[in-house]
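Visitor: Structure: run-v1.pdb, PDB, C-alpha atoms, pLDDT in the B column.
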ATOM      1  CA  MET A  11       7.193   7.491  26.415  1.00 86.00           C
ATOM      2  CA  ILE A  12       8.499   5.838  23.281  1.00 94.00           C
ATOM      3  CA  LEU A  13       5.377   3.750  22.712  1.00 95.00           C
ATOM      4  CA  ASP A  14       3.362   6.966  22.494  1.00 97.00           C
ATOM      5  CA  GLN A  15       5.296   7.774  19.324  1.00 98.00           C
ATOM      6  CA  PHE A  16       3.629   4.796  17.632  1.00 98.00           C
ATOM      7  CA  SER A  17       0.086   5.885  18.499  1.00 98.00           C
ATOM      8  CA  LEU A  18      -2.258   6.896  15.690  1.00 98.00           C
ATOM      9  CA  LYS A  19      -4.906   8.290  18.022  1.00 98.00           C
ATOM     10  CA  GLY A  20      -6.882  11.057  16.327  1.00 97.00           C
ATOM     11  CA  LYS A  21      -5.440  10.277  12.875  1.00 98.00           C
ATOM     12  CA  VAL A  22      -7.409   9.516   9.715  1.00 98.00           C
ATOM     13  CA  ALA A  23      -6.049   7.146   7.086  1.00 99.00           C
ATOM     14  CA  ILE A  24      -7.047   6.297   3.540  1.00 99.00           C
ATOM     15  CA  VAL A  25      -6.155   2.677   2.723  1.00 98.00           C
ATOM     16  CA  THR A  26      -6.754   1.415  -0.806  1.00 98.00           C
ATOM     17  CA  GLY A  27      -7.521  -2.238  -1.431  1.00 97.00           C
ATOM     18  CA  SER A  28      -9.072  -2.540   2.030  1.00 97.00           C
ATOM     19  CA  ASN A  29     -11.410  -5.450   1.385  1.00 95.00           C
ATOM     20  CA  THR A  30      -8.865  -8.244   1.714  1.00 92.00           C
ATOM     21  CA  GLY A  31      -5.249  -9.230   2.269  1.00 93.00           C
ATOM     22  CA  LEU A  32      -2.631  -6.617   3.057  1.00 96.00           C
ATOM     23  CA  GLY A  33      -5.051  -3.697   2.933  1.00 97.00           C
ATOM     24  CA  GLN A  34      -7.378  -5.342   5.388  1.00 97.00           C
ATOM     25  CA  GLY A  35      -4.496  -6.135   7.737  1.00 97.00           C
ATOM     26  CA  ILE A  36      -3.146  -2.587   7.590  1.00 98.00           C
ATOM     27  CA  SER A  37      -6.627  -1.168   8.204  1.00 98.00           C
ATOM     28  CA  ARG A  38      -6.983  -3.369  11.275  1.00 98.00           C
ATOM     29  CA  ALA A  39      -3.581  -2.330  12.613  1.00 98.00           C
ATOM     30  CA  PHE A  40      -4.350   1.363  12.143  1.00 98.00           C
ATOM     31  CA  VAL A  41      -7.647   1.097  13.999  1.00 98.00           C
ATOM     32  CA  GLU A  42      -5.962  -0.822  16.818  1.00 98.00           C
ATOM     33  CA  ALA A  43      -3.387   2.006  16.986  1.00 98.00           C
ATOM     34  CA  GLY A  44      -6.192   4.577  17.350  1.00 98.00           C
ATOM     35  CA  ALA A  45      -6.905   5.789  13.796  1.00 98.00           C
ATOM     36  CA  LYS A  46     -10.064   6.029  11.733  1.00 98.00           C
ATOM     37  CA  VAL A  47      -9.812   4.418   8.302  1.00 98.00           C
ATOM     38  CA  ALA A  48     -11.455   5.227   4.981  1.00 98.00           C
ATOM     39  CA  GLY A  49     -11.029   1.995   3.063  1.00 98.00           C
ATOM     40  CA  VAL A  50     -11.207   2.133  -0.731  1.00 98.00           C
ATOM     41  CA  SER A  51     -12.169  -0.942  -2.734  1.00 98.00           C
ATOM     42  CA  ARG A  52     -13.894  -1.949  -5.956  1.00 96.00           C
ATOM     43  CA  ARG A  53     -16.206  -4.277  -4.037  1.00 94.00           C
ATOM     44  CA  PRO A  54     -17.723  -3.746  -0.591  1.00 95.00           C
ATOM     45  CA  SER A  55     -15.250  -4.274   2.252  1.00 95.00           C
ATOM     46  CA  THR A  56     -17.970  -6.024   4.235  1.00 95.00           C
ATOM     47  CA  GLU A  57     -15.648  -8.282   6.210  1.00 96.00           C
ATOM     48  CA  THR A  58     -13.315  -5.426   7.098  1.00 97.00           C
ATOM     49  CA  GLU A  59     -16.211  -3.231   8.187  1.00 97.00           C
ATOM     50  CA  GLU A  60     -17.642  -5.993  10.389  1.00 97.00           C
ATOM     51  CA  MET A  61     -14.214  -6.572  11.901  1.00 97.00           C
ATOM     52  CA  LEU A  62     -13.474  -2.915  12.694  1.00 98.00           C
ATOM     53  CA  GLY A  63     -16.926  -1.383  13.158  1.00 97.00           C
ATOM     54  CA  LYS A  64     -18.640   1.437  11.291  1.00 96.00           C
ATOM     55  CA  ASP A  65     -17.413   4.073  13.738  1.00 97.00           C
ATOM     56  CA  ASN A  66     -13.797   3.237  12.868  1.00 98.00           C
ATOM     57  CA  PHE A  67     -14.022   2.123   9.243  1.00 98.00           C
ATOM     58  CA  TYR A  68     -15.750   3.812   6.316  1.00 98.00           C
ATOM     59  CA  ASN A  69     -15.873   1.976   3.004  1.00 98.00           C
ATOM     60  CA  ILE A  70     -15.593   3.980  -0.213  1.00 98.00           C
ATOM     61  CA  ILE A  71     -16.461   1.971  -3.312  1.00 98.00           C
ATOM     62  CA  ALA A  72     -14.283   3.149  -6.208  1.00 98.00           C
ATOM     63  CA  ASP A  73     -12.566   1.658  -9.247  1.00 98.00           C
ATOM     64  CA  LEU A  74      -8.966   2.822  -9.069  1.00 98.00           C
ATOM     65  CA  SER A  75      -8.286   1.909 -12.686  1.00 98.00           C
ATOM     66  CA  SER A  76      -9.365   5.498 -13.408  1.00 97.00           C
ATOM     67  CA  VAL A  77      -8.057   8.719 -11.887  1.00 98.00           C
ATOM     68  CA  ALA A  78     -11.560  10.169 -12.233  1.00 98.00           C
ATOM     69  CA  VAL A  79     -12.545   8.681  -8.852  1.00 98.00           C
ATOM     70  CA  ILE A  80      -9.812  10.489  -6.905  1.00 98.00           C
ATOM     71  CA  PRO A  81     -11.763  13.654  -5.986  1.00 98.00           C
ATOM     72  CA  GLU A  82     -14.596  11.456  -4.712  1.00 98.00           C
ATOM     73  CA  VAL A  83     -12.247   9.345  -2.589  1.00 98.00           C
ATOM     74  CA  VAL A  84     -10.647  12.356  -0.927  1.00 98.00           C
ATOM     75  CA  GLY A  85     -13.910  14.268  -0.669  1.00 98.00           C
ATOM     76  CA  LYS A  86     -15.817  11.438   0.986  1.00 98.00           C
ATOM     77  CA  THR A  87     -13.010  10.916   3.484  1.00 98.00           C
ATOM     78  CA  ILE A  88     -13.074  14.587   4.458  1.00 98.00           C
ATOM     79  CA  SER A  89     -16.880  14.594   4.663  1.00 98.00           C
ATOM     80  CA  ARG A  90     -16.885  11.579   6.976  1.00 98.00           C
ATOM     81  CA  PHE A  91     -13.853  12.212   9.174  1.00 98.00           C
ATOM     82  CA  GLY A  92     -13.007  15.901   8.654  1.00 98.00           C
ATOM     83  CA  ARG A  93      -9.392  15.464   7.599  1.00 98.00           C
ATOM     84  CA  VAL A  94      -6.799  12.998   6.309  1.00 98.00           C
ATOM     85  CA  ASP A  95      -3.379  12.313   7.827  1.00 98.00           C
ATOM     86  CA  ILE A  96      -2.208   9.063   6.230  1.00 99.00           C
ATOM     87  CA  LEU A  97      -2.452   7.463   2.792  1.00 99.00           C
ATOM     88  CA  VAL A  98      -1.594   3.843   2.076  1.00 99.00           C
ATOM     89  CA  ASN A  99      -1.423   3.043  -1.646  1.00 98.00           C
ATOM     90  CA  ASN A 100      -2.001  -0.679  -1.357  1.00 98.00           C
ATOM     91  CA  ALA A 101      -4.412  -1.549  -4.186  1.00 97.00           C
ATOM     92  CA  GLY A 102      -2.741  -3.269  -7.099  1.00 96.00           C
ATOM     93  CA  ILE A 103      -3.226  -5.851  -9.809  1.00 95.00           C
ATOM     94  CA  ILE A 104      -0.949  -8.251 -11.652  1.00 94.00           C
ATOM     95  CA  LYS A 105      -1.135  -9.834 -15.112  1.00 96.00           C
ATOM     96  CA  ARG A 106       0.951 -12.871 -16.013  1.00 94.00           C
ATOM     97  CA  GLN A 107       1.915 -13.514 -19.619  1.00 97.00           C
ATOM     98  CA  ASP A 108       5.162 -14.271 -21.435  1.00 98.00           C
ATOM     99  CA  SER A 109       6.829 -10.968 -22.268  1.00 98.00           C
ATOM    100  CA  ILE A 110       7.218 -11.984 -25.922  1.00 98.00           C
ATOM    101  CA  GLU A 111       3.420 -12.022 -26.191  1.00 98.00           C
ATOM    102  CA  PHE A 112       2.456  -9.489 -23.493  1.00 98.00           C
ATOM    103  CA  SER A 113      -0.589  -7.501 -24.598  1.00 98.00           C
ATOM    104  CA  GLU A 114      -1.119  -3.766 -24.541  1.00 98.00           C
ATOM    105  CA  GLU A 115      -4.280  -4.339 -22.509  1.00 98.00           C
ATOM    106  CA  ASN A 116      -2.333  -6.216 -19.833  1.00 98.00           C
ATOM    107  CA  TRP A 117       0.286  -3.483 -19.805  1.00 98.00           C
ATOM    108  CA  ASP A 118      -2.137  -0.564 -19.530  1.00 98.00           C
ATOM    109  CA  SER A 119      -4.455  -2.119 -16.942  1.00 98.00           C
ATOM    110  CA  VAL A 120      -1.602  -2.760 -14.503  1.00 98.00           C
ATOM    111  CA  ILE A 121       0.165   0.567 -15.048  1.00 98.00           C
ATOM    112  CA  ASN A 122      -3.101   2.491 -14.588  1.00 98.00           C
ATOM    113  CA  VAL A 123      -3.902   0.941 -11.200  1.00 98.00           C
ATOM    114  CA  ASN A 124      -0.421   0.355  -9.823  1.00 98.00           C
ATOM    115  CA  LEU A 125       1.268   3.572 -10.919  1.00 98.00           C
ATOM    116  CA  LYS A 126      -0.855   6.271 -12.561  1.00 98.00           C
ATOM    117  CA  THR A 127      -3.642   6.298  -9.979  1.00 98.00           C
ATOM    118  CA  VAL A 128      -1.125   5.893  -7.153  1.00 98.00           C
ATOM    119  CA  PHE A 129       0.709   9.036  -8.228  1.00 98.00           C
ATOM    120  CA  PHE A 130      -2.367  11.201  -8.707  1.00 98.00           C
ATOM    121  CA  LEU A 131      -4.098   9.997  -5.530  1.00 98.00           C
ATOM    122  CA  THR A 132      -0.880  10.735  -3.643  1.00 98.00           C
ATOM    123  CA  GLN A 133      -0.771  14.182  -5.208  1.00 98.00           C
ATOM    124  CA  ALA A 134      -4.390  14.891  -4.209  1.00 98.00           C
ATOM    125  CA  VAL A 135      -3.828  13.767  -0.627  1.00 98.00           C
ATOM    126  CA  ALA A 136      -0.619  15.807  -0.373  1.00 98.00           C
ATOM    127  CA  GLN A 137      -2.567  18.851  -1.541  1.00 98.00           C
ATOM    128  CA  GLN A 138      -5.026  18.184   1.282  1.00 98.00           C
ATOM    129  CA  PHE A 139      -2.128  17.967   3.749  1.00 98.00           C
ATOM    130  CA  LEU A 140      -1.019  21.418   2.599  1.00 98.00           C
ATOM    131  CA  LYS A 141      -4.556  22.807   3.009  1.00 98.00           C
ATOM    132  CA  GLN A 142      -4.596  21.435   6.544  1.00 98.00           C
ATOM    133  CA  ASN A 143      -1.064  22.722   7.191  1.00 97.00           C
ATOM    134  CA  SER A 144      -0.561  19.446   9.001  1.00 95.00           C
ATOM    135  CA  GLY A 145       2.077  17.387   7.243  1.00 97.00           C
ATOM    136  CA  GLY A 146       1.234  13.741   6.736  1.00 98.00           C
ATOM    137  CA  LYS A 147       2.344  10.236   5.951  1.00 98.00           C
ATOM    138  CA  ILE A 148       2.336   8.495   2.572  1.00 99.00           C
ATOM    139  CA  ILE A 149       3.034   4.758   2.444  1.00 99.00           C
ATOM    140  CA  ASN A 150       3.350   3.086  -0.955  1.00 98.00           C
ATOM    141  CA  ILE A 151       3.204  -0.672  -1.233  1.00 98.00           C
ATOM    142  CA  ALA A 152       6.131  -1.694  -3.406  1.00 98.00           C
ATOM    143  CA  SER A 153       7.333  -5.281  -4.007  1.00 97.00           C
ATOM    144  CA  MET A 154      10.327  -7.562  -4.244  1.00 95.00           C
ATOM    145  CA  LEU A 155      10.002  -6.710  -7.936  1.00 96.00           C
ATOM    146  CA  SER A 156      10.954  -3.147  -7.079  1.00 98.00           C
ATOM    147  CA  TYR A 157      14.439  -4.708  -6.836  1.00 97.00           C
ATOM    148  CA  GLN A 158      14.216  -7.720  -9.151  1.00 95.00           C
ATOM    149  CA  GLY A 159      12.929  -8.574 -12.604  1.00 96.00           C
ATOM    150  CA  GLY A 160      10.488 -11.365 -11.966  1.00 92.00           C
ATOM    151  CA  ILE A 161       9.136 -13.761 -14.587  1.00 92.00           C
ATOM    152  CA  ARG A 162       6.151 -13.202 -16.909  1.00 95.00           C
ATOM    153  CA  VAL A 163       5.083  -9.990 -15.135  1.00 96.00           C
ATOM    154  CA  PRO A 164       6.682  -7.120 -17.107  1.00 98.00           C
ATOM    155  CA  SER A 165       4.021  -4.501 -16.363  1.00 98.00           C
ATOM    156  CA  TYR A 166       3.899  -5.385 -12.676  1.00 97.00           C
ATOM    157  CA  THR A 167       7.694  -5.211 -12.434  1.00 98.00           C
ATOM    158  CA  ALA A 168       7.725  -1.875 -14.246  1.00 98.00           C
ATOM    159  CA  SER A 169       5.040  -0.451 -11.968  1.00 98.00           C
ATOM    160  CA  LYS A 170       6.668  -1.589  -8.731  1.00 98.00           C
ATOM    161  CA  SER A 171      10.119  -0.418  -9.805  1.00 98.00           C
ATOM    162  CA  ALA A 172       8.537   2.946 -10.540  1.00 98.00           C
ATOM    163  CA  ILE A 173       6.807   3.001  -7.146  1.00 98.00           C
ATOM    164  CA  ARG A 174      10.185   2.785  -5.447  1.00 98.00           C
ATOM    165  CA  GLY A 175      11.429   5.603  -7.662  1.00 98.00           C
ATOM    166  CA  ILE A 176       8.542   8.006  -7.114  1.00 98.00           C
ATOM    167  CA  THR A 177       8.690   7.302  -3.382  1.00 98.00           C
ATOM    168  CA  MET A 178      12.180   8.812  -3.407  1.00 98.00           C
ATOM    169  CA  THR A 179      11.236  11.660  -5.733  1.00 98.00           C
ATOM    170  CA  LEU A 180       8.202  12.753  -3.711  1.00 98.00           C
ATOM    171  CA  ALA A 181      10.150  12.495  -0.463  1.00 98.00           C
ATOM    172  CA  ASN A 182      12.768  14.825  -1.962  1.00 98.00           C
ATOM    173  CA  GLU A 183      10.121  17.416  -2.813  1.00 98.00           C
ATOM    174  CA  TRP A 184       7.740  17.141   0.116  1.00 98.00           C
ATOM    175  CA  ALA A 185       9.891  16.536   3.204  1.00 98.00           C
ATOM    176  CA  LYS A 186      10.067  20.306   3.651  1.00 98.00           C
ATOM    177  CA  TYR A 187       6.290  20.312   4.185  1.00 98.00           C
ATOM    178  CA  GLY A 188       6.442  17.693   6.914  1.00 98.00           C
ATOM    179  CA  ILE A 189       5.183  15.015   4.535  1.00 98.00           C
ATOM    180  CA  ASN A 190       6.965  11.685   4.851  1.00 98.00           C
ATOM    181  CA  VAL A 191       6.835   9.470   1.761  1.00 99.00           C
ATOM    182  CA  ASN A 192       8.062   5.910   2.223  1.00 99.00           C
ATOM    183  CA  ALA A 193       7.250   2.446   0.951  1.00 98.00           C
ATOM    184  CA  ILE A 194       7.008  -1.129   2.115  1.00 98.00           C
ATOM    185  CA  ALA A 195       8.201  -3.930  -0.148  1.00 98.00           C
ATOM    186  CA  PRO A 196       6.415  -7.095   0.958  1.00 97.00           C
ATOM    187  CA  GLY A 197       8.037 -10.409   0.249  1.00 95.00           C
ATOM    188  CA  TYR A 198       6.040 -13.399  -0.923  1.00 92.00           C
ATOM    189  CA  MET A 199       2.755 -12.984   0.936  1.00 92.00           C
ATOM    190  CA  VAL A 200      -0.380 -15.078   1.209  1.00 89.00           C
ATOM    191  CA  THR A 201      -2.667 -12.820  -0.866  1.00 82.00           C
ATOM    192  CA  ASN A 202      -4.904 -13.091  -3.913  1.00 78.00           C
ATOM    193  CA  ASN A 203      -2.053 -11.892  -6.139  1.00 73.00           C
ATOM    194  CA  THR A 204       0.138 -14.874  -5.182  1.00 80.00           C
ATOM    195  CA  GLN A 205      -2.544 -17.547  -5.342  1.00 81.00           C
ATOM    196  CA  ALA A 206      -1.333 -18.849  -8.701  1.00 79.00           C
ATOM    197  CA  LEU A 207       2.240 -19.156  -7.403  1.00 81.00           C
ATOM    198  CA  ARG A 208       1.180 -20.926  -4.207  1.00 86.00           C
ATOM    199  CA  GLN A 209      -0.899 -23.411  -6.185  1.00 86.00           C
ATOM    200  CA  ASP A 210       2.107 -24.259  -8.389  1.00 84.00           C
ATOM    201  CA  GLU A 211       3.857 -26.838  -6.198  1.00 85.00           C
ATOM    202  CA  GLU A 212       7.212 -26.604  -7.961  1.00 87.00           C
ATOM    203  CA  ARG A 213       7.285 -22.795  -8.049  1.00 84.00           C
ATOM    204  CA  SER A 214       6.089 -22.531  -4.453  1.00 87.00           C
ATOM    205  CA  ALA A 215       8.806 -24.933  -3.308  1.00 89.00           C
ATOM    206  CA  ASP A 216      11.464 -22.909  -5.149  1.00 88.00           C
ATOM    207  CA  ILE A 217      10.257 -19.714  -3.470  1.00 90.00           C
ATOM    208  CA  LEU A 218      10.162 -21.212   0.023  1.00 92.00           C
ATOM    209  CA  ALA A 219      13.654 -22.638  -0.423  1.00 92.00           C
ATOM    210  CA  ARG A 220      15.023 -19.107  -0.825  1.00 93.00           C
ATOM    211  CA  ILE A 221      13.173 -17.471   2.089  1.00 96.00           C
ATOM    212  CA  PRO A 222      15.356 -17.693   5.232  1.00 96.00           C
ATOM    213  CA  ALA A 223      12.241 -17.487   7.417  1.00 96.00           C
ATOM    214  CA  GLY A 224      11.014 -20.658   5.707  1.00 94.00           C
ATOM    215  CA  ARG A 225       7.427 -19.549   5.145  1.00 94.00           C
ATOM    216  CA  TRP A 226       5.170 -17.280   3.131  1.00 94.00           C
ATOM    217  CA  GLY A 227       4.401 -13.982   4.797  1.00 95.00           C
ATOM    218  CA  THR A 228       0.955 -12.993   6.030  1.00 95.00           C
ATOM    219  CA  PRO A 229      -0.828  -9.626   6.228  1.00 94.00           C
ATOM    220  CA  ALA A 230      -0.080  -9.570   9.974  1.00 95.00           C
ATOM    221  CA  ASP A 231       3.646  -9.490   9.183  1.00 97.00           C
ATOM    222  CA  LEU A 232       3.201  -6.079   7.530  1.00 97.00           C
ATOM    223  CA  GLU A 233       1.194  -4.415  10.271  1.00 97.00           C
ATOM    224  CA  GLY A 234       4.060  -3.270  12.493  1.00 98.00           C
ATOM    225  CA  ALA A 235       5.959  -1.715   9.594  1.00 98.00           C
ATOM    226  CA  ALA A 236       2.822   0.096   8.429  1.00 98.00           C
ATOM    227  CA  VAL A 237       2.081   1.541  11.878  1.00 98.00           C
ATOM    228  CA  PHE A 238       5.720   2.635  12.232  1.00 98.00           C
ATOM    229  CA  LEU A 239       5.720   4.485   8.893  1.00 99.00           C
ATOM    230  CA  ALA A 240       2.316   6.044   9.645  1.00 99.00           C
ATOM    231  CA  SER A 241       3.312   7.285  13.094  1.00 98.00           C
ATOM    232  CA  ALA A 242       5.486   9.972  14.641  1.00 98.00           C
ATOM    233  CA  ALA A 243       8.109   7.289  15.286  1.00 98.00           C
ATOM    234  CA  SER A 244       9.145   7.596  11.619  1.00 98.00           C
ATOM    235  CA  ASP A 245       9.230  11.400  11.364  1.00 98.00           C
ATOM    236  CA  TYR A 246      12.857  11.395  10.185  1.00 98.00           C
ATOM    237  CA  VAL A 247      12.413   8.520   7.705  1.00 98.00           C
ATOM    238  CA  ASN A 248      12.072   9.834   4.154  1.00 98.00           C
ATOM    239  CA  GLY A 249      12.134   8.161   0.754  1.00 98.00           C
ATOM    240  CA  PHE A 250      12.976   4.672   2.006  1.00 98.00           C
ATOM    241  CA  THR A 251      11.524   1.350   0.874  1.00 98.00           C
ATOM    242  CA  LEU A 252      11.419  -1.110   3.763  1.00 98.00           C
ATOM    243  CA  ALA A 253      11.543  -4.787   2.805  1.00 98.00           C
ATOM    244  CA  VAL A 254       9.330  -7.091   4.876  1.00 98.00           C
ATOM    245  CA  ASP A 255      10.338 -10.282   3.162  1.00 97.00           C
ATOM    246  CA  GLY A 256      11.498 -12.950   5.619  1.00 97.00           C
ATOM    247  CA  GLY A 257      15.064 -12.301   4.471  1.00 97.00           C
ATOM    248  CA  TRP A 258      14.483 -12.885   0.731  1.00 96.00           C
ATOM    249  CA  LEU A 259      16.610  -9.967  -0.486  1.00 95.00           C
ATOM    250  CA  GLY A 260      19.484 -10.861   1.807  1.00 93.00           C
ATOM    251  CA  ARG A 261      19.760 -14.425   0.524  1.00 87.00           C
TER
END
As structure tokens - that is how I would like this structure written.

Guide:
Amino acid sequence: MILDQFSLKGKVAIVTGSNTGLGQGISRAFVEAGAKVAGVSRRPSTETEEMLGKDNFYNIIADLSSVAVIPEVVGKTISRFGRVDILVNNAGIIKRQDSIEFSEENWDSVINVNLKTVFFLTQAVAQQFLKQNSGGKIINIASMLSYQGGIRVPSYTASKSAIRGITMTLANEWAKYGINVNAIAPGYMVTNNTQALRQDEERSADILARIPAGRWGTPADLEGAAVFLASAASDYVNGFTLAVDGGWLGR
């Protein structure tokens, strides 16, 4: 049955940024599809854990601004659930400042979390896939700014453009191992990262005017795409970045 192809029963996922927003929504969707989730966050994912239950959700507290935490993240997941089948690189930060004045600190902090740690965590999980001889699914969270320039967010734009690029590169190298590497590019979503934009009435109105769906997206809008890319239904999808944007890019 085709719906069986979307089941995640028996699978174990690592989801970064699990305490709120998109990461919380993806974690919920995975559990509903049958998976166990190791959620990684800087602060306790208390709400997510209460929502999903301790049997289904295991919170790993780690600061992803440093690659030093990666062995701990993978190791704790294996210790708790015995394996890993799915990685969602969702955690990310954004710094807004005019490019003419953009600081090195703002550049490095975003690149470290959004790109450097994403690559090396992906590498570590892929190595675990090879140890398991199991294949696996990698889902990177890209952005509309994987396709566009944005305003006052040069490091964020650089990181998300690079995410789209390494998604293709890793898919080229790892498809032969049964590892699917894809990405989701969310449109303008109701998350902490967009709070400043949503509070700016003029900017928010400009954004909404361009979205054919006529509204900001929500974490729930991403859940179906995430389950698809994590499941057997996407076994022949490699290196693609799927826009979930209410039609923004087609405008």

Visitor: Do you know which residues the PyMOL selection byres ((chain A and resi 169) around 10) returns on this file, as a list in words?

Guide: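 Evaluating the PyMOL selection byres ((chain A and resi 169) around 10) on these coordinates yields Gly102, Ile104, Trp117, Val120, Ile121, Asn122, Val123, Asn124, Leu125, Lys126, Ala152, Ser153, Leu155, Ser156, Pro164, Ser165, Tyr166, Thr167, Ala168, Lys170, Ser171, Ala172, Ile173, Arg174 and Gly175 of chain A.
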
Visitor: Between A:Ser109, A:Asn192, A:Thr127, A:Thr204, which residue has the minimum interatomic distance to Ser244 in chain A, considering only C-alpha atoms?

Guide: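 Between A:Ser109, A:Asn192, A:Thr127, A:Thr204, the residue approaching Ser244 in chain A most closely is A:Asn192.
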
Visitor: Considering all atoms listed in the file, can you say which of A:Ala48, A:Ile96, A:Ile24, A:Ile80 comes closest to Asn66 in chain A?

Guide: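 Nearest to Asn66 in chain A: A:Ala48.
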
Visitor: For this structure, which residues satisfy the selection - the PyMOL selection byres ((chain A and resi 239) around 12) - when it is evaluated on the file as given? I want them as a ChimeraX atom specification.

Guide: /A:15-18,36,40,96-98,146-151,189-194,232-238,240-252

Visitor: Convert the current residue selection to file output with C-alpha atoms, as a compact mmCIF listing (two decimals), in the coordinates of the input.

Guide:
# COMPACT_ATOMS: atom_id res chain seq x y z
CA GLN A 15 5.30 7.77 19.32
CA PHE A 16 3.63 4.80 17.63
CA SER A 17 0.09 5.88 18.50
CA LEU A 18 -2.26 6.90 15.69
CA ILE A 36 -3.15 -2.59 7.59
CA PHE A 40 -4.35 1.36 12.14
CA ILE A 96 -2.21 9.06 6.23
CA LEU A 97 -2.45 7.46 2.79
CA VAL A 98 -1.59 3.84 2.08
CA GLY A 146 1.23 13.74 6.74
CA LYS A 147 2.34 10.24 5.95
CA ILE A 148 2.34 8.49 2.57
CA ILE A 149 3.03 4.76 2.44
CA ASN A 150 3.35 3.09 -0.96
CA ILE A 151 3.20 -0.67 -1.23
CA ILE A 189 5.18 15.02 4.54
CA ASN A 190 6.96 11.68 4.85
CA VAL A 191 6.84 9.47 1.76
CA ASN A 192 8.06 5.91 2.22
CA ALA A 193 7.25 2.45 0.95
CA ILE A 194 7.01 -1.13 2.12
CA LEU A 232 3.20 -6.08 7.53
CA GLU A 233 1.19 -4.42 10.27
CA GLY A 234 4.06 -3.27 12.49
CA ALA A 235 5.96 -1.72 9.59
CA ALA A 236 2.82 0.10 8.43
CA VAL A 237 2.08 1.54 11.88
CA PHE A 238 5.72 2.64 12.23
CA ALA A 240 2.32 6.04 9.64
CA SER A 241 3.31 7.28 13.09
CA ALA A 242 5.49 9.97 14.64
CA ALA A 243 8.11 7.29 15.29
CA SER A 244 9.14 7.60 11.62
CA ASP A 245 9.23 11.40 11.36
CA TYR A 246 12.86 11.40 10.18
CA VAL A 247 12.41 8.52 7.70
CA ASN A 248 12.07 9.83 4.15
CA GLY A 249 12.13 8.16 0.75
CA PHE A 250 12.98 4.67 2.01
CA THR A 251 11.52 1.35 0.87
CA LEU A 252 11.42 -1.11 3.76

Visitor: Please evaluate the PyMOL selection byres ((chain A and resi 58) around 9) against the displayed coordinates and give the resulting residues as a list in words.

Guide: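 Applied to this file, the PyMOL selection byres ((chain A and resi 58) around 9) selects Ser28, Asn29, Thr30, Gln34, Gly35, Ser37, Arg38, Gly49, Ser55, Thr56, Glu57, Glu59, Glu60, Met61, Leu62, Gly63, Phe67 and Asn69 of chain A.
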
Visitor: If you keep C-alpha atoms, can you produce a file of those selected residues as a PDB file, keeping the file's coordinate frame?

Guide:
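Now in result-v2.pdb:
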ATOM      1  CA  SER A  28      -9.072  -2.540   2.030  1.00 97.00           C
ATOM      2  CA  ASN A  29     -11.410  -5.450   1.385  1.00 95.00           C
ATOM      3  CA  THR A  30      -8.865  -8.244   1.714  1.00 92.00           C
ATOM      4  CA  GLN A  34      -7.378  -5.342   5.388  1.00 97.00           C
ATOM      5  CA  GLY A  35      -4.496  -6.135   7.737  1.00 97.00           C
ATOM      6  CA  SER A  37      -6.627  -1.168   8.204  1.00 98.00           C
ATOM      7  CA  ARG A  38      -6.983  -3.369  11.275  1.00 98.00           C
ATOM      8  CA  GLY A  49     -11.029   1.995   3.063  1.00 98.00           C
ATOM      9  CA  SER A  55     -15.250  -4.274   2.252  1.00 95.00           C
ATOM     10  CA  THR A  56     -17.970  -6.024   4.235  1.00 95.00           C
ATOM     11  CA  GLU A  57     -15.648  -8.282   6.210  1.00 96.00           C
ATOM     12  CA  GLU A  59     -16.211  -3.231   8.187  1.00 97.00           C
ATOM     13  CA  GLU A  60     -17.642  -5.993  10.389  1.00 97.00           C
ATOM     14  CA  MET A  61     -14.214  -6.572  11.901  1.00 97.00           C
ATOM     15  CA  LEU A  62     -13.474  -2.915  12.694  1.00 98.00           C
ATOM     16  CA  GLY A  63     -16.926  -1.383  13.158  1.00 97.00           C
ATOM     17  CA  PHE A  67     -14.022   2.123   9.243  1.00 98.00           C
ATOM     18  CA  ASN A  69     -15.873   1.976   3.004  1.00 98.00           C
TER      19      ASN A  69
END

Visitor: When you draw a straight line from CA of Phe139 in chain A to CA of Thr177 in chain A, how long is it in Å?

Guide: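 Distance between the two atoms: 16.8 Å.
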
Visitor: Just the number, please: distance in Å from CA of Val83 in chain A to CA of Glu42 in chain A, one decimal.

Guide: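 About the pair CA of Val83 in chain A and CA of Glu42 in chain A: they are 22.8 Å apart.
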
Visitor: What is the distance, in Å and to one decimal place, between CA of Ile110 in chain A and CA of Asp210 in chain A?

Guide: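 Distance between the two atoms: 22.0 Å.
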
Visitor: Find the spatial neighbours of Val79 in chain A, counting only C-alpha atoms, within a cut-off of 12 Å - ignore same-chain residues fewer than 3 positions away - and output them as an mmCIF file with C-alpha atoms, in the frame of the given file.

Guide:
data_model
loop_
_atom_site.group_PDB
_atom_site.id
_atom_site.type_symbol
_atom_site.label_atom_id
_atom_site.label_comp_id
_atom_site.auth_asym_id
_atom_site.auth_seq_id
_atom_site.Cartn_x
_atom_site.Cartn_y
_atom_site.Cartn_z
ATOM 1 C CA VAL A 50 -11.207 2.133 -0.731
ATOM 2 C CA SER A 51 -12.169 -0.942 -2.734
ATOM 3 C CA ARG A 52 -13.894 -1.949 -5.956
ATOM 4 C CA ILE A 70 -15.593 3.980 -0.213
ATOM 5 C CA ILE A 71 -16.461 1.971 -3.312
ATOM 6 C CA ALA A 72 -14.283 3.149 -6.208
ATOM 7 C CA ASP A 73 -12.566 1.658 -9.247
ATOM 8 C CA LEU A 74 -8.966 2.822 -9.069
ATOM 9 C CA SER A 75 -8.286 1.909 -12.686
ATOM 10 C CA SER A 76 -9.365 5.498 -13.408
ATOM 11 C CA GLU A 82 -14.596 11.456 -4.712
ATOM 12 C CA VAL A 83 -12.247 9.345 -2.589
ATOM 13 C CA VAL A 84 -10.647 12.356 -0.927
ATOM 14 C CA GLY A 85 -13.910 14.268 -0.669
ATOM 15 C CA LYS A 86 -15.817 11.438 0.986
ATOM 16 C CA VAL A 123 -3.902 0.941 -11.200
ATOM 17 C CA THR A 127 -3.642 6.298 -9.979
ATOM 18 C CA VAL A 128 -1.125 5.893 -7.153
ATOM 19 C CA PHE A 130 -2.367 11.201 -8.707
ATOM 20 C CA LEU A 131 -4.098 9.997 -5.530
ATOM 21 C CA ALA A 134 -4.390 14.891 -4.209
#
